[in-house]
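Report on the following structure.
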Amino acid sequence: MEPWAGKQMWIWELELAEKGVINNIINKAVSLGLTGLLVKAWDGKNYWNQLDKIAGPAKNAGLIVGAWGYSYGNNISGEITCMEKAVKGGADWLVIDAEIEYENQNGEKKAAALSGGISSSSIMKNVKLGYSTFALPVYHAQFPYKKFSAFCDVALPQVYWGDFRMAPEDALKDCVQQYSQFGLQMAPVGQSYGDIKFGEITRFIKTAGELGMPGISFWSWQHASDVMLNEIKSLEYASASPWAGASWNKAKLKGIMDGTEPQGNVTREMLAVVLDRLGLLE
């Protein structure tokens with residue numbers, strides 16, 4: 001299983017998630033049905049040691065621990081040092097949060113320098129890497145998506161449908177369509193803050209599964225209301241396996257499958273319905 005699989009939550013400031021009580025965070029994460037946590041570990045050249053506090057206990061509880069940091073691109077060696085510290089601190093994988101600082105004529109050069117620094121690090125050699133940025137490239141054409149996609153393993157676009165004033169289904173479908181040109185796996189980030197309506201998180205989760213996204217996550221723990229967290233909890237996340245994705249989508253389009261629970265078990269009565277829809281019981 002890839003480390004971005006399943007349903008995960010982003011943690012920005014540890015002390016603002018369950019008041020910073022590690023055991024409470026971990027117990028809550030398990031109760032929410034999360035597969036992992038994405039914990040901030042660096043901001044530019046500055047390392048945040050909050051990762052070191054939670055990584056061990058979270059992994060002992062069976063959670064995947066990702067470390068993320070905000071990249072400014074103005075001190076690449078400092079950022080690489082922080083990424084290496086995060087790996088040593090127990091991170092299973094890393095996510096680079098790159099945004100407006102790369103959305104200019106120097107963005108390509110910054111991304112190339114970051115790629116070179118990572119490839120030169122012996123500590124980073126076998127570490128899975130993702131990048132998180134704007135969800136709709138059509139509105140951020142200067143960002144170097146192709147450059148990041150060339151050295152990362154997965155993209156985590158920030159699909160904040162409430163901010164976009166879009167339905168979650170439409171925002172996610174537009175995102176997936178626009179990112180398809182980059183040829184990279186996607187694990188989109190959903191919105192669990194601000195002005196969103198009840199039921200929209202559920203719709204985001206269902207749509208991501210139907211689109212075959214291997215994993216999803218939500219920004220962020222400290223901003224999520226109890227209602228939002230309960231909605232995240234209410235639905236298990238499962239998507240079609242990569243090897244079955246194309247066939248699963250065909251089955252949905254033809255009405256043979258209803259698009260739910262791609263990895264669920266098939267009962268005999270379910271099989272009978274599928275055979276009937278295929279016209280094999282005539």
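Residue names in the structure tokens use chain letters A, B, ... in the order shown, residue numbers from 1 in each chain, and ligand numbers from 1 in the order shown.
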
Using only C-alpha atoms, find each residue of range 97-202 of chain A with at least one atom at most 12 Å away from an atom of range 36-43 of chain A; report its shortest atom-to-atom pair and that distance in Å (one decimal), sort the rows by chain and rising residue number, and return the result as CSV.
```
residue,atom,partner,partner_atom,distance
A:Asp97,CA,A:Asp43,CA,9.4
A:Ala98,CA,A:Asp43,CA,10.8
A:Gly130,CA,A:Leu38,CA,11.4
A:Ser132,CA,A:Leu38,CA,11.7
A:Leu156,CA,A:Leu38,CA,11.6
A:Val189,CA,A:Leu38,CA,11.1
```

Any idea what's packed within 9 Å of range 58-68 of chain A, counting only C-alpha atoms, ignoring anything in its chain fewer than 4 positions away? Could you give it as a PyMOL selection string? chain A and resi 3-4+8+10+22-23+25-27+29-30+34-43+51+54+83+86-87+90-97

Quick one: everything within 7 Å of range 166-182 of chain A, counting only C-alpha atoms, minus sequence neighbours fewer than 2 positions away in the same chain. Send it as a ChimeraX atom specification. /A:135-137,146,149,159,161-162,164,184,200,203-204,207

Residue contacts of Gln185 in chain A (7 Å, only C-alpha atoms) excluding same-chain residues fewer than 3 positions away, as a ChimeraX atom specification: /A:153-155

Please dump the current selection as a short mmCIF file (atom, residue, chain, number, x, y, z; two decimals), in the first residue's frame; keep all heavy atoms.
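See part-v6.cif below for the written result:
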```
data_model
loop_
_atom_site.label_atom_id
_atom_site.label_comp_id
_atom_site.auth_asym_id
_atom_site.auth_seq_id
_atom_site.Cartn_x
_atom_site.Cartn_y
_atom_site.Cartn_z
N ASP A 153 6.27 11.46 -6.48
CA ASP A 153 5.55 10.21 -6.72
C ASP A 153 4.03 10.39 -6.75
O ASP A 153 3.32 9.54 -7.27
CB ASP A 153 5.88 9.19 -5.61
CG ASP A 153 7.37 8.89 -5.54
OD1 ASP A 153 7.88 8.27 -6.48
OD2 ASP A 153 8.01 9.30 -4.55
N VAL A 154 3.55 11.49 -6.18
CA VAL A 154 2.11 11.70 -6.09
C VAL A 154 1.83 13.20 -5.96
O VAL A 154 2.65 13.95 -5.42
CB VAL A 154 1.52 10.94 -4.87
CG1 VAL A 154 2.09 11.47 -3.57
CG2 VAL A 154 0.01 10.97 -4.86
N ALA A 155 0.70 13.62 -6.49
CA ALA A 155 0.26 15.01 -6.34
C ALA A 155 -0.91 15.06 -5.38
O ALA A 155 -1.81 14.20 -5.42
CB ALA A 155 -0.16 15.58 -7.70
#
```

Can you work out which one of A:Ile100, A:Met9, A:Val127, A:Leu211 has the shortest atom-to-atom distance to Lys233 in chain A, counting only C-alpha atoms?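 So, comparing all the options, the nearest one is A:Met9.
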
Given the choices A:Leu129, A:Asn24, A:Gly209, A:Tyr72, which gets closest to Asn106 in chain A if the distance is worked out from only C-alpha atoms?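 Going through A:Leu129, A:Asn24, A:Gly209, A:Tyr72 one by one, the smallest distance to Asn106 in chain A is for A:Tyr72.
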
Just list the residues in range 59-280 of chain A DSSP gives alpha helix (DSSP H) on the backbone, as a PyMOL selection string. chain A and resi 59-60+76-88+107-119+145-151+161-164+168-179+200-210+226-233+245-253+268-277

Report the distance between CA of Met213 in chain A and CA of Gly89 in chain A in Å, rounded to one decimal place.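 Separation of CA of Met213 in chain A and CA of Gly89 in chain A: 28.4 Å.
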
Extract the full set of strand (DSSP E) residues from range 8-252 of chain A according to DSSP on the backbone, and format it as a PyMOL selection string. chain A and resi 8-11+36-43+46-47+64-71+93-98+128-132+154-155+185-186+189-191+215-219
